[in-house]
Amino acid sequence: MPEQNESGHKLAGRLYATMRVLKSLAEPSGPKPVGDEELAGQDSPRERVQALKLDLFNDLVATVQKGRHAKAVGEMFRAMPALVPRQSVAFDKNLGKRGLAEFNAGYRAQLADLKEAFPELVE
């Protein structure tokens with residue numbers, strides 16, 4: 001769970017991690033999220049999220065109907081609003097060194113939290 005005063009960049013990293021796990025549940029033949037994946041250089045959080053090509057309705061229905069961790073999916077959907085940064089700058093292309101570091105820290109922290117709660121979902 002996010003700490004009370006996390007930066008927008010760190011929240012964006014947490015949101016991306018959550019969406020990566022959701023995508024891997026919807027498409028279990030694909031790779032599971034791993035903690036050493038990092039945003040670098042000119043990477044954009046917005047482009048990374050869009051590249052997941054999530055279709056929340058179809059992915060949710062497929063995951064639940066096929067019995068793929070319905071409890072975990074419910075927890076992640078409930079958590080997502082708290083992970084959305086208040087400023088859109090957290091999704092910009094040029095995050096700078098500090099922004100990149102915070103995004104990556106948020107990604108790793110969220111994967112660690114999800115792994116603790118649902119160990120089978122994260123490498």
# chains A, B, ... in the order shown; residues from 1 in each chain; ligands from 1

$ residues_around --residues "Val73 in chain A" --least-positions-apart "6" --cutoff "12 Å" --atoms "only C-alpha atoms" --output "PyMOL selection string"
chain A and resi 18-26+56+59-65+67+79-80+114+117-118+121

$ write_last_selection --atoms "C-alpha atoms" --output "PDB file, in the first residue's frame"
ATOM      1  CA  THR A  18      -0.527  -3.073 -10.542  1.00  0.00           C
ATOM      2  CA  MET A  19      -1.548  -2.875 -14.181  1.00  0.00           C
ATOM      3  CA  ARG A  20       1.346  -5.173 -15.192  1.00  0.00           C
ATOM      4  CA  VAL A  21       0.117  -7.788 -12.732  1.00  0.00           C
ATOM      5  CA  LEU A  22      -3.457  -7.428 -13.995  1.00  0.00           C
ATOM      6  CA  LYS A  23      -2.247  -7.904 -17.568  1.00  0.00           C
ATOM      7  CA  SER A  24      -0.324 -11.028 -16.621  1.00  0.00           C
ATOM      8  CA  LEU A  25      -3.458 -12.464 -15.006  1.00  0.00           C
ATOM      9  CA  ALA A  26      -5.503 -11.768 -18.115  1.00  0.00           C
ATOM     10  CA  LEU A  56     -10.293  -3.652 -18.308  1.00  0.00           C
ATOM     11  CA  ASP A  59      -9.532  -8.691 -18.927  1.00  0.00           C
ATOM     12  CA  LEU A  60     -11.614  -8.630 -15.737  1.00  0.00           C
ATOM     13  CA  VAL A  61     -14.306 -10.922 -17.129  1.00  0.00           C
ATOM     14  CA  ALA A  62     -11.789 -13.384 -18.582  1.00  0.00           C
ATOM     15  CA  THR A  63      -9.760 -13.491 -15.398  1.00  0.00           C
ATOM     16  CA  VAL A  64     -12.722 -14.023 -13.069  1.00  0.00           C
ATOM     17  CA  GLN A  65     -14.611 -16.447 -15.307  1.00  0.00           C
ATOM     18  CA  GLY A  67     -10.959 -18.643 -11.993  1.00  0.00           C
ATOM     19  CA  ALA A  79      -6.447  -0.180  -4.852  1.00  0.00           C
ATOM     20  CA  MET A  80      -6.034   1.566  -8.217  1.00  0.00           C
ATOM     21  CA  LEU A 114       1.630  -7.634  -4.241  1.00  0.00           C
ATOM     22  CA  ALA A 117      -0.157 -10.595  -0.506  1.00  0.00           C
ATOM     23  CA  PHE A 118      -0.275 -12.892  -3.556  1.00  0.00           C
ATOM     24  CA  LEU A 121       1.509 -13.482  -9.124  1.00  0.00           C
TER      25      LEU A 121
END

$ closest_atom_pairs --of "range 16-51 of chain A" --to "range 104-112 of chain A" --cutoff "6 Å" --atoms "only C-alpha atoms" --output "CSV"
residue,atom,partner,partner_atom,distance
A:Ala17,CA,A:Tyr107,CA,5.2
A:Gly35,CA,A:Arg108,CA,5.3
A:Glu38,CA,A:Asn104,CA,5.7

$ select_by_dssp --residues "chain A" --states "helix (DSSP H, G or I)" --output "JSON, numbers by chain"
{"A": [8, 9, 10, 11, 12, 13, 14, 15, 16, 17, 18, 19, 20, 21, 22, 23, 24, 25, 26, 45, 46, 47, 48, 49, 50, 51, 56, 57, 58, 59, 60, 61, 62, 63, 64, 65, 70, 71, 72, 73, 74, 75, 76, 77, 78, 79, 80, 81, 82, 83, 88, 89, 90, 91, 96, 97, 98, 99, 100, 101, 102, 103, 104, 105, 106, 107, 108, 109, 110, 111, 112, 113, 114, 115, 116, 117, 119, 120, 121]}

$ residues_around --residues "Pro85 in chain A" --least-positions-apart "5" --cutoff "12 Å" --atoms "only C-alpha atoms" --output "PyMOL selection string"
chain A and resi 2+5-16+45-46+80+90-92+103+106

$ closest_residue --among "A:Ala82, A:Leu52, A:Ala72, A:Leu100" --to "Glu27 in chain A" --atoms "only C-alpha atoms"
A:Leu52

$ closest_residue --among "A:Asn94, A:Gly74, A:Gly30, A:Glu123" --to "Glu47 in chain A" --atoms "only C-alpha atoms"
A:Asn94

$ atom_distance --atom1 "CA of Glu120 in chain A" --atom2 "CA of Val34 in chain A"
12.1 Å
